[in-house]
Amino acid sequence: MKISIERRPQDSNLMKYLSPLLAVLLTLMAGGVIFTLQGQDPWTGLYTFFILPISDSYGLSELGVKAAPILLCAMGLAVCFRANIWNIGAEGQLLMGALMGSWAALSWMDLEGIWVLPAVLMSGAVAGLLWALIPALLRNHFNTNEILTTIMLNYIALNLLLYAVHGPLKDPHGFNFPESALFTEAVTLPLLLEGTRLHIGLAFGLFAGVCIWVLMTKTFLGFQLKVIGLDVSAGHFAGFRERRLVYFSLLLCGALAGLAGISEVSGPIGQLVPSVSPGYGYAAIIVAFLGRLHPIGILLASLLMALVYMGGEMGQIDLGLPLAMGSLFQGMLLFFLLACDFLISYRFRIRTMSNQPPAHGRNAGVNC
Amino acid sequence: MKSLIKKAIVSVITAGLMTLSTLSSAVEKPLKVGFVYVGPVGDAGWTYGHDEGRLEMVEKLGKNIETTYVESVSEGADAERVIRKLAQQGHDLIFTTSFGYMNPTLKVAKQFPNVKFQHATGYKRGKNVGTYSARFYEGRYLTGVIAGHMTKNNVIGYVGSFPIPEVVQGINAFTLGLRSVNPDATVKVVWINSWYDPAKEREAAESLIAQGADIINQHTDSPAPVQAAQDKGVYAFGYDTDMTRFGPDAHLTGSMVHWGGFYTDTAKAVLDKQWKPEDVWGGFSAGMVEMAPYNKAIPEKVIAQVETFKEQIADGTFTIFEGPIKTQDGSIKVSEGTKLNDGDILSMNWYVEGVEGSLPN
Amino acid sequence: MDMDLITNILFAMVRTGTPLLLVALGELVCEKSGVLNLGQEGMMLMGAVIGFIAAITTGSLIFGVIMSLIVGMAMALLFGLLVIQLRANQVATGLALTIFGAGLSAYVGTDYIGQALAGFQPVLIPLLSDIPVLGKALFSQDILVYCSLGIALAIWLFFRFSRPGLVVKAIGESPHSATAVGLPVILTRWLALLFGGAMAGLGGAYLSLAYTPLWAEGMTAGRGWIALALVVFASWKVERVLLGAWLFGLASIMHLVLQGMGASISSNLLATLPYLATIIVLVLLSSNQSRSRLLAPMSLGKPYHPTG
């Protein structure tokens, strides 16, 4: 018996959709093994991790709360990644959105008028957009690698946020503690469901998903993005202006991430704090890949990612499992997905009989 | 035959039911206590200290309580969900152990009026929310006195985390203690903007030693500054826990926190239905602050002096923040005979005379 | 500034720069062969935790170092299986490696937190360590610092004078032409990647066995990312990586020294300086398109399909 790897004549569409499911399944299996090693019953472990957190309506609403910022960032990232633009900077763009949005909120929160909240949200989105403008400018005009600039900008954004929350935006009546004043009703996001924390930010994410689906499938701009992502020289040949596409996708992503940031601050948190994001911008990168850069896939993946976070909390509360389980699951999930993606373009061939003449090999082999 | 089986089944069921009922009546439902931690339990610093307190409480109260903790809970949107989940899962008493949990704790407390909440280092309370903190600065004053006797260069290095009142109180108390026995000594402060980054803490300690500091004090959570002092042959004070093992020669002593007593008392109060939402800010007198073992290098008479101060602070005959206290520019901030009240101490954002550099704002 | 202060600052600069140097050298070799591994942070953490556990359970620091090298390679192996064998996306795999390494290191290190270990002590080199200023800064360090210098020299010689060095560069520039002239692309990339993993493990072990001999979750605190930036900052040149690592060390020490001297700039704003500096250098380096092409390996980050 011989196993060989060969390239499929065409990418397998089936595998494209099967691969994430396979990855989830493999992660669950590996998780079961880890639970067993921990001395836990694997079924109880998996149940606590993946079912218990969403076993009541409040849990479900919290899933939406947790998924909302990841969803917004991942939608923007998907556009970038489609165009082969490696934006690792959604985290920094989110933080800048939170920072500038909070600044706007704190300055305007005592004003009356229905324009206040939209203006605050706009400020956040614009701040994220401007932060993404930096790597776009540098890439377009100085040929600078955006992977490295966006990583650096994440650290700079974090330090600016810390500076603001320890300095200018600190609550004047807060005994010098590093957090802003609590936001008033006027600058707080409306809830989707009374009695929960599910805010309109989730709706923004869903709306962004629809827009991006239309953009990528129905418009010429989306077509250009995809072509340039697949083959830059083909794009040039067709006369597409790469710079414009770089600007468009980075700025769009920045605006969405910025919106995610301000939604988080003016939604579930209700004030500017030093730890706005526990790494949503990085989690969104995983989500974008897991979701196949497709809006529906991303929606499902962001819910799954949120569930893994909540499962990590639940595992600690109910089973006393270490927190590191959560990041282990995230890492494994992405590893398995990347490994399974191999099956999209390649297949294993198992030849049962080695003395078969090569001409019949195709029929004798088992393809998967 | 049939009836026999039936009988057997019935008897088994009744026996089962009886055991169940005896079990539940014999052991009263234990008090469920939840903890929310900001860092990993193994940070060897702040969260580790709280978890030691939890374990002490478990040891003392045994079967009467049952504890749960959730570690590394971000002080953002996650906090409210975790606290709420703990309340929903039937915890009767919940300790939220970091400042950033203040508003989420209050929010959840409103929805669960029967659950008792205790929030560490905050200033907002409610019908079922008490606050607690330790007067870390009391221990820091004593380390200052020791430093005043032990320094040769008259320069002390201080590794700070964030310029918040809790840390500034410590720097000021330390400097007051230092200059009470050695008016020429000064304190250099370096901020690293992190509670926990061993390599950065080490860099900060080394940069202070490079500038002539011969004693290092720290308000960060890892033992890296003590290690740096050990390697460089200077002295250091630890923090949070006894850090002697990280620098047997360097480690003079340290101001340690001890939450176990408070946690045990609070859980007892809830068990006895005596709990009230209070603001507990304990120091030596409450047993919340303790000194780590003294290094042999400290002369006996210095230890005796420090121990006297400790007793006087504990019984209230000596007050650390009592005038005259001068600010950095030499002007009187607290006039002779006045004592700072807790509100002033809690919002302290100025340096006393003897601290170099300006407080970042 | 007196001489003592300068000497002390230089000494601290070398020590602070060493973990960055070790990791960056490994990544440099890796990138030269065309593989971009963003998982440095995860590999460092695994190296730090396993090195510490090995050293504390056996009492041998050298054994700790060896284990950190092995675990670094094991992490690189995982990465290689995905990106070299399965041709997965290098950016995503690297990120996954970082997340996975952070989780796994926290998981296996739980029982070792708060334990004390006597780390590597300085070894004075006779005569050389008596040179004023430089003697203290360069020749009174621990053995791993000397190792880092030795490795830097070896890599410089490797790329400058050896045939295998040329092979690595050729493969990084164009794997397909390299294949055409019969160079082993896959094997070379594997070796470069494993070397990078070992170096990242060693960089982590430098933290947990020499610089701050203890284990703490996430103790690398972003140094893996800085090392990545450093390689670009150094425009893929070994001697510049060495200088760059020390420059970064100097910057982070100076930002603390200035504070101690009473400079009243927000420490948060000061902390952004190394990142800003990297961006500026990146821009300066890459603004000239033809030059940057000469500097960065052409096939960096692109999967290699032998069958076309």
# chains A, B, ... in the order shown; residues from 1 in each chain; ligands from 1
$ interface_residues --of "chain B" --to "chain C" --cutoff "8 Å" --atoms "only C-alpha atoms" --output "ChimeraX atom specification"
/B:40,42-44,188-193,197-199,202-204,206-208,210-212,224,227-228,245-246,356-361
$ interface_residues --of "chain B" --to "chain A" --cutoff "8 Å" --atoms "only C-alpha atoms" --output "PDB file with C-alpha atoms, in the first residue's frame"
ATOM      1  CA  THR B  68     -14.656  28.573  42.698  1.00  0.00           C
ATOM      2  CA  TYR B  69     -12.329  30.934  40.922  1.00  0.00           C
ATOM      3  CA  VAL B  70     -12.044  32.350  37.439  1.00  0.00           C
ATOM      4  CA  GLU B  71      -8.599  33.650  36.490  1.00  0.00           C
ATOM      5  CA  SER B  72      -7.323  36.199  33.987  1.00  0.00           C
ATOM      6  CA  SER B  74     -10.214  40.947  31.434  1.00  0.00           C
ATOM      7  CA  GLU B  75     -11.401  44.196  32.991  1.00  0.00           C
ATOM      8  CA  GLY B  76     -13.473  44.929  29.912  1.00  0.00           C
ATOM      9  CA  ALA B  77     -16.793  43.530  28.773  1.00  0.00           C
ATOM     10  CA  ASP B  78     -16.006  40.011  30.034  1.00  0.00           C
ATOM     11  CA  ARG B  81     -20.567  38.183  32.287  1.00  0.00           C
ATOM     12  CA  VAL B  82     -18.239  36.197  34.543  1.00  0.00           C
ATOM     13  CA  LEU B  86     -20.986  33.097  39.215  1.00  0.00           C
ATOM     14  CA  GLY B 100     -11.444  47.405  37.160  1.00  0.00           C
ATOM     15  CA  PRO B 163       1.057  56.066  38.613  1.00  0.00           C
ATOM     16  CA  ILE B 164      -2.216  55.402  40.458  1.00  0.00           C
ATOM     17  CA  PRO B 165      -2.899  56.512  44.057  1.00  0.00           C
ATOM     18  CA  LEU B 346      -7.107  57.386  48.407  1.00  0.00           C
ATOM     19  CA  SER B 347      -6.754  60.084  45.769  1.00  0.00           C
ATOM     20  CA  MET B 348      -3.109  60.934  46.378  1.00  0.00           C
ATOM     21  CA  ASN B 349      -1.482  62.295  43.233  1.00  0.00           C
ATOM     22  CA  ASN B 361      -0.176  62.702  34.578  1.00  0.00           C
TER      23      ASN B 361
END
$ interface_residues --of "chain A" --to "chain C" --cutoff "8 Å" --atoms "only C-alpha atoms" --output "short mmCIF file (atom, residue, chain, number, x, y, z; two decimals) with N, CA and C atoms, in the first residue's frame"
data_model
loop_
_atom_site.label_atom_id
_atom_site.label_comp_id
_atom_site.auth_asym_id
_atom_site.auth_seq_id
_atom_site.Cartn_x
_atom_site.Cartn_y
_atom_site.Cartn_z
N LEU A 138 1.88 53.97 3.70
CA LEU A 138 3.26 53.49 3.68
C LEU A 138 3.45 52.39 2.65
N HIS A 141 3.11 54.19 -1.00
CA HIS A 141 4.08 55.18 -1.46
C HIS A 141 5.50 54.89 -1.03
N PHE A 142 5.66 54.01 -0.04
CA PHE A 142 7.03 53.70 0.37
C PHE A 142 7.31 52.20 0.27
N ASN A 143 6.32 51.45 -0.26
CA ASN A 143 6.56 50.03 -0.49
C ASN A 143 6.84 49.27 0.80
N THR A 144 6.26 49.76 1.91
CA THR A 144 6.56 49.18 3.22
C THR A 144 5.63 48.01 3.52
N ASN A 145 6.19 46.94 4.01
CA ASN A 145 5.42 45.73 4.30
C ASN A 145 4.37 45.99 5.38
N LEU A 148 4.35 44.15 9.04
CA LEU A 148 5.19 44.69 10.11
C LEU A 148 4.69 46.03 10.62
N THR A 149 4.27 46.91 9.70
CA THR A 149 3.79 48.21 10.18
C THR A 149 2.53 48.06 11.02
N ILE A 151 1.61 45.53 12.87
CA ILE A 151 1.94 44.99 14.19
C ILE A 151 2.49 46.10 15.09
N MET A 152 3.41 46.90 14.55
CA MET A 152 3.98 47.99 15.33
C MET A 152 2.89 48.98 15.76
N LEU A 153 1.97 49.27 14.82
CA LEU A 153 0.92 50.25 15.13
C LEU A 153 -0.02 49.74 16.22
N TYR A 155 0.93 48.12 18.89
CA TYR A 155 1.58 48.47 20.16
C TYR A 155 1.48 49.96 20.44
N ILE A 156 1.63 50.76 19.38
CA ILE A 156 1.55 52.21 19.57
C ILE A 156 0.15 52.59 20.02
N ASN A 159 -0.43 51.85 23.66
CA ASN A 159 0.21 52.82 24.55
C ASN A 159 -0.50 54.16 24.55
N LEU A 160 -1.03 54.57 23.38
CA LEU A 160 -1.78 55.82 23.34
C LEU A 160 -3.04 55.70 24.21
N LEU A 162 -3.46 53.75 26.79
CA LEU A 162 -3.04 53.77 28.20
C LEU A 162 -2.73 55.20 28.63
N TYR A 163 -2.04 55.94 27.72
CA TYR A 163 -1.72 57.33 28.04
C TYR A 163 -3.00 58.11 28.32
N ILE A 285 -8.53 37.52 13.14
CA ILE A 285 -7.73 36.95 12.04
C ILE A 285 -8.04 35.46 11.91
N ILE A 286 -8.08 34.79 13.05
CA ILE A 286 -8.42 33.37 13.04
C ILE A 286 -9.82 33.18 12.48
N PHE A 289 -10.12 33.46 8.67
CA PHE A 289 -9.67 32.27 7.97
C PHE A 289 -10.63 31.11 8.16
N PRO A 322 -7.91 24.86 33.97
CA PRO A 322 -7.11 26.07 33.80
C PRO A 322 -7.57 26.88 32.60
N ALA A 324 -5.87 28.32 30.40
CA ALA A 324 -5.08 28.10 29.19
C ALA A 324 -5.80 27.18 28.21
N MET A 325 -6.78 26.38 28.69
CA MET A 325 -7.56 25.51 27.81
C MET A 325 -8.16 26.31 26.65
N GLY A 326 -8.64 27.50 26.95
CA GLY A 326 -9.28 28.32 25.92
C GLY A 326 -8.33 28.61 24.78
N SER A 327 -7.13 29.08 25.10
CA SER A 327 -6.21 29.42 24.00
C SER A 327 -5.66 28.17 23.33
N LEU A 328 -5.58 27.07 24.10
CA LEU A 328 -5.20 25.80 23.47
C LEU A 328 -6.21 25.43 22.38
N GLN A 330 -8.22 27.45 20.74
CA GLN A 330 -8.12 28.38 19.61
C GLN A 330 -6.96 28.00 18.71
N GLY A 331 -5.80 27.74 19.33
CA GLY A 331 -4.63 27.38 18.55
C GLY A 331 -4.87 26.11 17.74
N MET A 332 -5.44 25.10 18.42
CA MET A 332 -5.67 23.82 17.74
C MET A 332 -6.64 23.98 16.58
N LEU A 334 -7.21 26.49 14.65
CA LEU A 334 -6.61 27.08 13.47
C LEU A 334 -5.61 26.12 12.82
N PHE A 335 -4.84 25.43 13.65
CA PHE A 335 -3.91 24.44 13.11
C PHE A 335 -4.63 23.39 12.27
N LEU A 338 -5.90 24.82 9.01
CA LEU A 338 -4.84 25.02 8.01
C LEU A 338 -4.41 23.69 7.42
N ALA A 339 -4.35 22.68 8.30
CA ALA A 339 -3.95 21.36 7.81
C ALA A 339 -5.01 20.79 6.86
N ASP A 341 -7.13 22.39 5.09
CA ASP A 341 -7.22 23.17 3.85
C ASP A 341 -6.35 22.59 2.75
N PHE A 342 -5.35 21.86 3.18
CA PHE A 342 -4.49 21.21 2.21
C PHE A 342 -5.31 20.34 1.26
#
$ closest_residue --among "B:Leu55, B:Ile215, B:Val280, B:Ile156" --to "B:Arg125" --atoms "only C-alpha atoms"
B:Val280
$ residues_around --residues "B:Tyr196" --least-positions-apart "2" --cutoff "8 Å" --atoms "only C-alpha atoms" --output "number ranges by chain"
B: 43, 194, 198, 201, 220-222
$ select_by_dssp --residues "stretch 151-269 of chain A" --states "helix (DSSP H, G or I)" --output "number ranges by chain"
A: 151-166, 185-187, 201-218, 220-230, 232-237, 242-269
